[in-house]
Structures are given as C-alpha cells and as structure tokens.
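Data block below; observations after.
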Amino acid sequence: MDPGRSSPSRWREMKEIVKLVDNTRHVLASDQPAPNSYYFDPDGSCVYFRGGHSDAPLLCADLALYRGGDHGEHTYREQMPCKEAGGALHSSVRELMVCSCCDYPLSEVPVAPWREVFHYTPQNTPLTREEQMLRERQRSAMSGGSFHHSEVADAFLFSNGGSLYVSYRERTPVPSAQATSPPPPAAETPAARYSLPTVALPSCSESRLDIKWQPQSAYVFAYVLRGDVWVSSVHSGVETRLTYCNNGATAPTENFVSAGTPPFIIQEEFDRLTGFWWQPSGVSPDGDGNFCYRILYEEVDEHQVEIVKFFNDKELEEHRYPKAGGHNALSVLRYVEFRMDKMGKAYDIKHYGLTKDLHQIFPSAEYLVDAGWIPGVQAVWAYILDRRQQHSTLLYIPLQTADDFGFQRIESGLVIQDDLSSAGAAQSSSHLPRVPITVLREDSSNDWVNTHSCLRFISSECTSHSVSFIWANEHSGRRRLEHVTCTIPHLAADTVFRPATAAAATAAPAGRLSAQTTTAASGATTGPGDGDVNGGDKQMATLTVPGAKLMEQGQDVDMDISSVASHESSVDWSPYVCALCSVDTPTHAAVSSGGDKVAGVRKTLHRFSNSFTHVPNQRRRTSPEVVRHLVPGAGHPVTAAPDTAPDSANDSANVPVSTKSTAMQFTLLGKTAGSESNVKQDTGCSMECDPGVDMEHTHVVDAASHTAPATTAAEMQAQSDDVGLRCTSKPVPVPGCAFEVYYSSSSCSRPITRPDVEWQVDSRLVGIDEKHQCVFFTGTIDHPTECHLYVCSYVKSHAGEFAVKRLTTAGYHHNITMSPGCDFFVSKFSSLSEPPRAVVYSVVYRAGSCTVPCAVPRCVLSRSRITLLPDHVPTYHLCSSRLFSYTSSAGHVSYGLYHAPINAVVGVKYPTILYVYAGPLAQVVTNQFPGLRAVRMFNLAGFAVVELDSRGSTRRGHDFETPLYEHLGDVECQDQVEGLQQAAAQFPIDLTRVGVYGWSYGGYMSLMLLVKHSALFKSAASVAPVTDWRLYDTGYTERYMSQPDANNEGYGTSAVMHYLDQFPDEENRLLLAHGRADENVLYEHTELLTKALIARCKPFQLLPFSGQRHGISLPECRSLLFTSVLTFFSKSLSS
C-alpha cells in the first residue's frame, strides 16, 4: 500500500490494518503462555501458567511425562563471545562455556499438551480503582483474577467476582477444621488434578490485593484490604485485621496513612509492588499447638504529598502525586506478631517498630527501595536511598536488640515501656551484648545509583554473628555480581559513645606510624608502657598521609584521623593498602593493659558543613566495601563529604593547598573485658588526604567486643592480591547519618563475575542454588541485543575462576522464569525472524564434567513446536527486520533496527517512521520478534520503521547511561538523528518523508525531535508525553535531572514548553493523544502544551481519551488511536 496515495477509503484501509494486526496478536498470544505467569510443583511434575490472551484460565502441562532423557552425550566446549561492530570483543572474558544441550534441536523435543487446571466461570465484574492502579503499575492487560500458588499447600488461591476461591491438588487431603500444621510431602503423581474451587472468603466491595500464602503454612494467607494488612485461613473464612492505619475516610486529605502497600513512587519508579513480607522461618507452636507468625510491613504516611484531581468520565478522582521538588511519602518499617488458633482466628496481636525510624537515623534517606527478612536469623534487611539517588545503603536490622533504636512494642505509634518485644525482652538485661543496626553495603555515584534486585541471602551462611549474600555493584562501570560476607558485632550492653573535645596530635613522618602515650588529664607525653589504663593514660598511634587539601567556605581545610593503638603491648599492625588513599594503614584491634580486647573501638568521623566546595570535573564511583554499625550517640549535624576523585593527575593542580589543620575526637566510655572499672580513651591522629579522596577516614579496625577478627588484615590482603577480595576498611561517608558510625574489619567481598569486562549482569537475579553453590543470572555476554541465562559458581570465583556457562540457545532473546529450587526453568524466546516459543528445561549437574550445570530441554510449552503465523496473515513473512550497528560520533558502538515495509521493491526509497523511546531504563533494539507490536502496523501500511538505542538506554553500562544527566532531551536527540542518517546510508529510506512516533518518554522525544529538527521530521505523533519535567514525579525526574532548585537551567532547556515558538506553523505536522485519567503522566502535560499552542495559533490535532489511563487499554480506544496515527502519517508523509 502506498501511504501517500490519496483515497476516500484511506481511513477504512488503515482501520483494516489495525484490525488485522490485533487479530494476529491474539492468535499468536493464544499459542503461547502468558509471560511471567509460571508456577512450579516442587517435585517438577507440573508447570502452571495463564494462557496468552487476556481472559485465559489457569492451565498446566504435566512435566512428569517428559523426563528429558540424556539426549546423547553431553559434551562441553569453550566458545569466545561474538564480536561487536568494529571488531571489538567483549574483552577480558576468560571463557564462555556452552553445553551442547543448549543447541539440542527442538524438533526432537516433545510438545506438552495444555489442560485446564480446574473449571470455573469467570465473573467479569468492573475493576476497582485499586485494581486498575495495580495493573497500570504492572503494565498488565490480563483480565480476570490473579492466581496465587502455595508449594506447601499444593493449592491455588484466586479472586473471582470479588470473592476468594481455593483449589487443592487432589493428592493433598482437604484441610479439616482441626488441622493447623502443614501436611507431609506427598509422593510424586503425574497428571495431577485439582479439586473444584471452593469459596475461601466471600465477596466484598473492595479488592483484596497482594495475596500471599504463609511460606510454612498450608492454610494461612495475608493480603491488603482498604489500606491495611489482613490475615485469614482457608478453612475458617475468618478475616482478621492486623493493622489499623485506615481511618475509614474516603477523602485523601483525611485518610493518608496506609500499611502493606508501597507509595506510588516506589511502585512506578522502583518496581516494588508489595509492602509486606512474611517471616519465612521461626514459626513455633505454643503449649496449645497454635503457631506464631510475623509479618514485616511498610507503613506509609502521605499527608505532605500533593493531591492531584481530574475527572474520570463523570467521577472526580483524587490521587497523591509527588511532583519534582515536592514532598514524598514517608515510609517506616514495622512488624506484627500474632498467633492463630485452631479455628483460624488470629489473636495475641502485637506490633513492633523502630523507636528511631530509618529516616531519623539517616535523615538523608528518602526512599525505602526494598526490605525483607534475613533467612535463619532474627533480623530484617532494608535497602534505602537518598533523595538525590546518589547514595544507597543496605542495612541489617536485628529484632533482638536493647539499644535505643531497636524494635520495641508499639501501639498507635507509641512505645510501650513496660512491655518490650519478645525478642527485645530477652535482651533487656544490661549484661547481655547489644546488636547494633549494621550497614552491610553502600554504593555512591556523582550522577545516580542504579538500584537493583540482585540481593540474595545465602541461608546456610547466615548466623547471628555473620551474614553472607549475593550483591551487585557498578564500580567498574558495568553491573557485576559479588559474594559478600559481613560480621555482625555484639557490643557490651553498657558501651556508650559520645563526642569528646578536639585535641591536636603529634604528626609522624609521612605515611608512617609512631606510638606515643599521653596522659588524659594533663596531655603530657610519656613513653610506651607508662601510666595505667584505669588512671586515664593511653597510648596513641599517629598516621600522617601527605596530600593536598579541599576547601570549606573558601578556606583551606585539613582533617585529622584517630587511630587507637595497644596499651603496654607490642602490636603487629599488619598494614595493608587502603583502596582510596594507597597508604599503609593499621587494621588491628586495640588491646587493654591486661591483654584483653577493649569492649568497643569508636573511630573518628570527619565531615564538612553544607558549604563544602567541590573541585570541578572529579568523578569517581565509590566502592564502599565496608560494614558500618550504628550506635546511639550525640547527633551532631553531619554532611557527606564529596564523593570524588581526580580523573587524572592533572586534576591535582585544581586542589588548593592548606596550612590549617583541625581535629575532631570521640571518647569511648565502656568496660574492658573482665574489669569493672571504666575505660576512658581519647583518640588522636592527623591525616592529610590525597586530592579528591573522601574526607571521612577511620583506619582502625575491629569493632567486635569479645571475639577476634575472623581473618587478619594480612591474610585478607594476601587473599585480595590473589582473587580480588576487598577488605572492609575502605572509608566512605554515610550521607546525613545522624548517629555515630564505626567499621568492622572482618568483612569481605569477592567478585563472582569479572569486573574488567564489557558486558554486564541484568538488574534482577534469576536464582541461587545453595546446594551446588551456583548463581543464575541474565546478561549481555553474547550480545547487547540478546538476553541469555548464565550460571557460574559463587565459590570457585574466590580462587580467581570466573567461568560462566550459557544455558540458553544462541541467537535469541530469552525471557526466563526459574523454579524456586533452581532445578528447572521456562524460557520464552524469539528472534527478529521467528515468533516466540516457550520451552521447559531441566537443570542437570553431571558428576565429573563441570561444577556448573547444563540445561536439558524437557518439553515445548507452546502449542506447536514452531509457531506458525495464521493463514490470513501471509504478508507477515514479507515484512523483514534487520539489525545494524555503527560507531557513533561519541565513540560508542550503537545499535538499530530497520523494519522493511511490505513488498519492498529494490531501489525504491520509502517514507519512514522513527519509532522512538530513547529514555532511561529501556532498550528497544533487541533480537525479538516484532510482529506483536505496532511496528507491523506501519509496515503493512507501507512505511519503513527505524528503531534506535541512544545514550541513556539500559544494558550498556553506567557510562553509556549518564550523558543525559541533568539535560534530558539533548544527547538523545543527537543520537537519534545520527542513527537515522546512518540507517539511511544502509537502507532505502526517503529522508524527505520522515515522521516520528512515541509514547510516554517516546512521546516527549517525538516532540523534542520535531521542534529541534523540524527540517528532518515532517510530522510527529506523540502519545502521553511529558512536556515539563517539573510536573512529573520525584523518583524518576530527580534521578536524572536532580531537584528543580539545583538545576533550574536544565529543567528549562529540557522542557518541551521551552520551544513553543519552534513548533511548525503547517497543518498535519503534529498529532497529540492522551488519556484523561492518566495518573502516571498527568493529562496536565498535554493540556498545558495545547493551551500554549492555541495562544500562539499553532496547528495540531488532539485525541483526548476520556476515562483512559496511561496505557489507553480499552480495545476500541486503542483501535481508534492507531487508526488515527496511521491515517495521520499517510497524509503528512505523502509525496
């Protein structure tokens, strides 16, 4: 079809194309399981999933009939990764191991038939507003209730028509009213059947959301209803409200506190959709056999968050929406403890909260990114982020603590002094050690920190004294995995820390240690061994490091560092190299005169005020390999020191030299082990730091009070030299921490994946197999446009072996869902030329062949082995897609896709649509089948389509993302124009007839390209665009643009509203579309733009969709939208 042909039937033709593509999408989707909808039987006998179309029931395939076999001899080979454009290899990859099973021909793999798990009649009741919001955050078009599987119960819970239904596997006995403990494991049974669903909870007017089974119970589950956490049991039908945050008011101005549901920003911008977490272990019955349960939950206070109002059809909706620079919601962590009687009724409900919440301990902490329970330990973890999103912290928060900001019994937000928690009461005795809140990990950046979901605690390595986990960082510029072990300190119960008076220290020769003893009362210096610890004398070690200084309020500033040496004993300091300042620094514990270790060692904090001046052009992504412990102290004002380091030796010339020196000290009050007398020790040491190095240095060591370090500093350094192990004495500031901080010396991190590579690990870890000590992840080893499943050992990497094995077939883009036990997985994969297919693989470990497993195809889940396109769409085979690459002017290898129009003729240039997104956290150029997207609509209408990933897009490393920082819409436009010109040099593109189309950030980009390059782009269709970043939400906008008051110029030049006079004056050049009920990108953006265009008499077309949200999901609305877009371009790009 010639899109430029003028015809009275043009609208009807475009309408038929939209209908054809929609029907094809439905046919192809019906042949495939829905993405991310898989549930697995623990014994591997069945896999459950939703069908691909929106109203599909729950289906299953009987895997017990398909054992997978050996498929012949499984041989292993080594294969170098593929080359990128320009001949550049993914450098420094030692080898990529590939099992021959990965390429086993699917023609020999059986196709598993589908069957319905249980029959029920869907009741398509209207979605409540809460359900609509959840599906918007999930980007889900599935209708009907969601399904929730319990491995322990072997049962499904699902909602239908407002009621909750339960269906048990027939091999599992139906629960009796007297049963309270999980049933014993049943033997494997092929072709499992489920009972007819029965009502677990009756219908209610509002939705029960985020339904979760208790991990160890076959009957107990929890959910969120009306802004509170509730619990029930399937055999009782009794619902118990656990939290009382919702006051019953309907207006947001009167009801602004909720429990169990994360705030909008966390859901939309940090991809966390849950706000409560069952404790996975520790369930114990009382004398009556009733079990005790705990739920950690997030309590959200939104009273300061701005309220936006708009009409959804005829109903006025009010939503809490934090705009850039405005107030965010305030989140605090609580947990509730309760018991369930034999009738399923919860009783003895107790709430516990931190007496000083996280935002009080860390005043700079703005976002609770994630939280959960640490397995096998009476502790929880929290992942927090500051407002500028430049510093993230992973916290260990114990339940069993008696310090001033541990968990205590609360009611209505008040601490109940006479009834401490069951955990805290056991620790209330003064002679028992305190377990402080501990900082396990920190990450900092001068632009932004990319948060991730790669945290996995290794339960077999977690105890009350240490925890071990998998973590990810981007210190090398690309995300890599590491295995971290951290010691949890146990301090003397009466240890008190407070600031002391400043005192000058005697400097030693540069870079060397010198010991001296000073009398606390008089300050007189004596020789080693003089004086008595109980009399107030002490021995000190002074370390001086040469270097330049930084500035505060225009004046040069020195900072001093304190280090405590031993008293009356010869200490082997076992020096090692500090990763930041490259100076030998002490790491041994302070020892009392009797040879016993001091109860605790407090190191000095050095911080500058808010007026600290940065040295320009100094960027360093810190690698804070530390463990910090928070203990109550005098909360003096603190400010993070600059997180910078010189890019080159030349930068040192920019740093002023100082002649002034200041010092700050802290006094430790406590008891030596086995002594009743108080110990008072002042610390003093002067240090001059290299330019750009963090100004908080704490170079002394063991903070544990009763146990020696698990590994000496010398041993840790020796290991570091061999395998890249990082000791935990790297000094990096905690931004805005209101309490004193000290370090542990017995923690380490070991890289799992090589840090010096050009590929990276994706942001969500697939799984971890503790039995075989393997970690499964997806990444870009094979190619940046593909996604594969890889596996490697997290133990063998300690010895420098970084062997990684690919488990999926090369040449495809794979979406992976793995079973909880990591014994099998489903891969739904496709390529540019092949429609998607889903295959189940078994994970097999073969003795003697390799320490990591191979993947054996077990069965094909798609209805056919190779998905065939329907007979009525033969033209799909005539729409080809090609991947191309080029080296950009910025020096990066960039990728693009060219989708040819139907029946393309050689030598003919075609009108072209630039299909754009170009925003952060997205990748559009992938080796995936494009036939299910709007791309094919344009192809069938006679347009060529180009897609490009510009700087700022994901999966290419942090340095590829950050050029757009504080100036959105700049480098993206440059790269899109350059990529389009590169595509025109390779493919038949008519550069005189180019349009641009995009949605959301792509809608913003289509407007920016139109106003900045109006000579190149004849027309633009923009759906749900951002027109002024001051109107978009805090979490996304401030991550990439900083706050408005700190980047006023950037906000101005990044706004579409800044270029109003550059909009074209010709008709048929601008089409706008937006849902009037869009609570993500508010309709206010389009309304503001259209008012300004009207004021300037600029022509445009507008499609406002009443009642539609950001996704414009109603089928008839989408049909109208795409028909309008195709018709618009067929007119505007006519010859």
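We name chains A, B, ... following the order of the structure tokens; residues begin at 1 in each chain, and ligands are numbered from 1 as shown.
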Tell me, as a ChimeraX atom specification, which residues lie within 10 Å of stretch 966-978 of chain A, counting only C-alpha atoms; anything in the same chain fewer than 5 positions away does not count. /A:447,888-890,894,896,914,916-920,946-953,983-984,1001,1004-1010,1012-1013,1016-1017,1029,1037-1044,1046-1056
Find the residue from A:Val1011, A:Val27, A:Arg12, A:Thr1034 that sits nearest to A:Phe264; use only C-alpha atoms when measuring.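 Closest to A:Phe264 of all the choices is A:Thr1034.
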### Query
For A:Thr753, which of A:Tyr794, A:Tyr223, A:Phe943, A:Tyr194 is the closest residue, counting only C-alpha atoms?
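Closest candidate: A:Tyr794.
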Please provide the set of residues having any atom within 7 Å of A:Gly162, restricted to only C-alpha atoms, with same-chain residues fewer than 5 positions apart removed, written as a PDB file with N, CA, C and O atoms, in the first residue's frame.
ATOM      1  N   SER A 203     -17.437 -12.407  48.943  1.00  0.00           N
ATOM      2  CA  SER A 203     -17.223 -11.177  48.186  1.00  0.00           C
ATOM      3  C   SER A 203     -17.296  -9.960  49.103  1.00  0.00           C
ATOM      4  O   SER A 203     -18.014  -9.945  50.100  1.00  0.00           O
ATOM      5  N   CYS A 204     -16.497  -8.936  48.729  1.00  0.00           N
ATOM      6  CA  CYS A 204     -16.570  -7.667  49.429  1.00  0.00           C
ATOM      7  C   CYS A 204     -16.510  -6.552  48.390  1.00  0.00           C
ATOM      8  O   CYS A 204     -16.151  -6.779  47.234  1.00  0.00           O
ATOM      9  N   SER A 207     -11.231  -4.560  46.734  1.00  0.00           N
ATOM     10  CA  SER A 207     -10.377  -5.658  46.283  1.00  0.00           C
ATOM     11  C   SER A 207      -9.406  -6.085  47.372  1.00  0.00           C
ATOM     12  O   SER A 207      -8.819  -5.249  48.063  1.00  0.00           O
TER      13      SER A 207
END
Would you list the contacts of A:Thr485 as number ranges by chain, taking every protein, DNA or RNA residue within 10 Å and counting only C-alpha atoms, but skipping same-chain residues closer than 2 positions in sequence?
A: 440, 457-458, 461-462, 466-470, 482-483, 487-488, 627, 746-750
What would the file look like if the residues just selected were written as a short mmCIF file (atom, residue, chain, number, x, y, z; two decimals), in the first residue's frame with all heavy atoms?
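Written out: out_7.cif:
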data_model
loop_
_atom_site.label_atom_id
_atom_site.label_comp_id
_atom_site.auth_asym_id
_atom_site.auth_seq_id
_atom_site.Cartn_x
_atom_site.Cartn_y
_atom_site.Cartn_z
N LEU A 440 25.50 -2.97 55.81
CA LEU A 440 26.16 -4.07 55.11
C LEU A 440 26.84 -3.63 53.83
O LEU A 440 27.88 -4.15 53.45
CB LEU A 440 25.14 -5.17 54.78
CG LEU A 440 24.41 -5.81 55.97
CD1 LEU A 440 23.39 -6.82 55.47
CD2 LEU A 440 25.39 -6.47 56.93
N PHE A 457 20.26 -13.56 50.08
CA PHE A 457 20.98 -14.04 51.25
C PHE A 457 21.18 -15.55 51.13
O PHE A 457 20.28 -16.28 50.71
CB PHE A 457 20.23 -13.70 52.53
CG PHE A 457 20.36 -12.27 52.93
CD1 PHE A 457 19.42 -11.32 52.52
CD2 PHE A 457 21.42 -11.85 53.71
CE1 PHE A 457 19.55 -9.99 52.88
CE2 PHE A 457 21.56 -10.52 54.07
CZ PHE A 457 20.62 -9.59 53.66
N ILE A 458 22.36 -16.01 51.48
CA ILE A 458 22.69 -17.43 51.46
C ILE A 458 22.36 -17.98 52.83
O ILE A 458 23.10 -17.78 53.79
CB ILE A 458 24.17 -17.64 51.10
CG1 ILE A 458 24.48 -16.96 49.75
CG2 ILE A 458 24.51 -19.12 51.04
CD1 ILE A 458 25.95 -16.96 49.39
N GLU A 461 24.72 -19.71 55.20
CA GLU A 461 25.87 -18.94 55.67
C GLU A 461 25.45 -17.74 56.50
O GLU A 461 26.25 -16.83 56.73
CB GLU A 461 26.71 -18.47 54.47
CG GLU A 461 27.28 -19.60 53.64
CD GLU A 461 28.10 -19.11 52.45
OE1 GLU A 461 28.41 -17.91 52.41
OE2 GLU A 461 28.40 -19.93 51.57
N CYS A 462 24.19 -17.72 56.96
CA CYS A 462 23.71 -16.62 57.78
C CYS A 462 23.51 -17.09 59.21
O CYS A 462 22.79 -18.07 59.47
CB CYS A 462 22.38 -16.09 57.23
SG CYS A 462 22.54 -15.21 55.66
N SER A 466 27.23 -13.42 61.63
CA SER A 466 27.66 -13.02 60.29
C SER A 466 26.58 -13.39 59.28
O SER A 466 25.78 -14.31 59.51
CB SER A 466 28.98 -13.70 59.90
OG SER A 466 28.80 -15.10 59.75
N VAL A 467 26.56 -12.64 58.20
CA VAL A 467 25.62 -12.92 57.11
C VAL A 467 26.40 -12.94 55.81
O VAL A 467 27.40 -12.25 55.65
CB VAL A 467 24.48 -11.88 57.04
CG1 VAL A 467 23.58 -11.99 58.25
CG2 VAL A 467 25.03 -10.48 56.89
N SER A 468 25.91 -13.72 54.87
CA SER A 468 26.54 -13.84 53.56
C SER A 468 25.45 -13.69 52.50
O SER A 468 24.35 -14.23 52.67
CB SER A 468 27.24 -15.20 53.43
OG SER A 468 27.91 -15.30 52.19
N PHE A 469 25.78 -12.98 51.43
CA PHE A 469 24.75 -12.72 50.43
C PHE A 469 25.40 -12.41 49.08
O PHE A 469 26.59 -12.11 48.99
CB PHE A 469 23.85 -11.55 50.86
CG PHE A 469 24.57 -10.29 51.23
CD1 PHE A 469 24.84 -9.31 50.28
CD2 PHE A 469 25.00 -10.07 52.53
CE1 PHE A 469 25.51 -8.14 50.61
CE2 PHE A 469 25.67 -8.90 52.88
CZ PHE A 469 25.92 -7.94 51.92
N ILE A 470 24.58 -12.50 48.04
CA ILE A 470 24.97 -12.09 46.69
C ILE A 470 24.52 -10.65 46.50
O ILE A 470 23.39 -10.29 46.84
CB ILE A 470 24.33 -13.01 45.63
CG1 ILE A 470 24.65 -14.47 45.92
CG2 ILE A 470 24.81 -12.62 44.24
CD1 ILE A 470 26.12 -14.82 45.89
N GLU A 482 28.86 -9.97 43.21
CA GLU A 482 29.87 -10.25 44.21
C GLU A 482 29.26 -11.05 45.34
O GLU A 482 28.06 -11.00 45.59
CB GLU A 482 30.48 -8.94 44.74
CG GLU A 482 29.47 -7.99 45.35
CD GLU A 482 30.09 -6.69 45.83
OE1 GLU A 482 31.34 -6.59 45.83
OE2 GLU A 482 29.35 -5.77 46.20
N HIS A 483 30.13 -11.80 46.01
CA HIS A 483 29.75 -12.62 47.16
C HIS A 483 30.29 -11.91 48.40
O HIS A 483 31.49 -11.75 48.56
CB HIS A 483 30.36 -14.02 47.01
CG HIS A 483 30.05 -14.93 48.16
ND1 HIS A 483 30.76 -16.08 48.42
CD2 HIS A 483 29.09 -14.88 49.11
CE1 HIS A 483 30.27 -16.69 49.48
NE2 HIS A 483 29.25 -15.98 49.92
N THR A 487 30.49 -9.51 59.12
CA THR A 487 30.40 -9.84 60.53
C THR A 487 29.43 -8.90 61.22
O THR A 487 29.48 -7.69 61.01
CB THR A 487 31.78 -9.74 61.20
OG1 THR A 487 32.66 -10.67 60.59
CG2 THR A 487 31.68 -10.02 62.69
N ILE A 488 28.54 -9.46 62.05
CA ILE A 488 27.59 -8.66 62.81
C ILE A 488 28.14 -8.52 64.23
O ILE A 488 28.35 -9.51 64.92
CB ILE A 488 26.20 -9.32 62.84
CG1 ILE A 488 25.73 -9.60 61.40
CG2 ILE A 488 25.21 -8.44 63.59
CD1 ILE A 488 25.66 -8.38 60.52
N VAL A 627 31.61 -2.37 56.39
CA VAL A 627 30.47 -2.68 57.24
C VAL A 627 30.47 -1.64 58.34
O VAL A 627 31.46 -1.46 59.03
CB VAL A 627 30.58 -4.08 57.84
CG1 VAL A 627 29.46 -4.30 58.84
CG2 VAL A 627 30.48 -5.10 56.74
N SER A 746 36.22 -7.39 59.71
CA SER A 746 36.22 -8.81 59.37
C SER A 746 35.20 -9.15 58.31
O SER A 746 34.59 -10.20 58.34
CB SER A 746 35.96 -9.65 60.62
OG SER A 746 34.78 -9.21 61.26
N SER A 747 34.96 -8.23 57.39
CA SER A 747 34.05 -8.48 56.29
C SER A 747 34.79 -8.40 54.97
O SER A 747 35.80 -7.73 54.85
CB SER A 747 32.91 -7.47 56.30
OG SER A 747 32.20 -7.53 57.50
N CYS A 748 34.27 -9.07 53.98
CA CYS A 748 34.95 -9.07 52.69
C CYS A 748 33.94 -9.32 51.58
O CYS A 748 32.84 -9.82 51.81
CB CYS A 748 36.04 -10.15 52.65
SG CYS A 748 35.42 -11.82 52.85
N SER A 749 34.32 -8.93 50.39
CA SER A 749 33.52 -9.21 49.20
C SER A 749 34.43 -9.79 48.14
O SER A 749 35.57 -9.36 47.99
CB SER A 749 32.85 -7.94 48.68
OG SER A 749 33.82 -7.05 48.17
N ARG A 750 33.92 -10.77 47.45
CA ARG A 750 34.68 -11.42 46.40
C ARG A 750 33.88 -11.36 45.10
O ARG A 750 32.70 -11.69 45.10
CB ARG A 750 34.97 -12.88 46.74
CG ARG A 750 35.79 -13.08 48.03
CD ARG A 750 35.92 -14.56 48.35
NE ARG A 750 36.81 -14.80 49.46
CZ ARG A 750 36.43 -14.88 50.73
NH1 ARG A 750 35.15 -14.70 51.03
NH2 ARG A 750 37.29 -15.12 51.69
#
Determine, counting only C-alpha atoms, which protein, DNA and RNA residues have an atom within 9 Å of an atom of A:Thr851; residues of the same chain fewer than 6 positions away are not included. Present the result as a ChimeraX atom specification.
/A:772,774,792-793,796,845
Please, what distance in Å, to one decimal, runs between atom CA of A:Asn927 and atom CA of A:Tyr895?
->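 Value for the atom CA of A:Asn927-atom CA of A:Tyr895 distance: 11.0 Å.
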- Which is closer to A:Gly344 than all the others in A:Glu269, A:Glu239, A:Asp301, A:Asp22, using only C-alpha atoms?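 Closest to A:Gly344 of all the choices is A:Glu239.
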Return the single residue from A:Ala329, A:Ala838, A:Ala904, A:Cys454 that is closest to A:Arg858, with distances computed using only C-alpha atoms.
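Result for the nearest residue to A:Arg858: A:Ala838.
Atom CA of A:Pro215 sits 21.0 Å away from atom CA of A:Phe825.
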Give the strand (DSSP E) residues of stretch 198-252 of chain A, as assigned by DSSP on the backbone, as an NGL selection string.
-> :A and (198-201 or 209-213 or 220-225 or 228-233 or 239-241)
If you count only C-alpha atoms, the residue of A:Asp769, A:Asp1065, A:Glu1116, A:Glu298 closest to A:Asp357 turns out to be A:Glu298
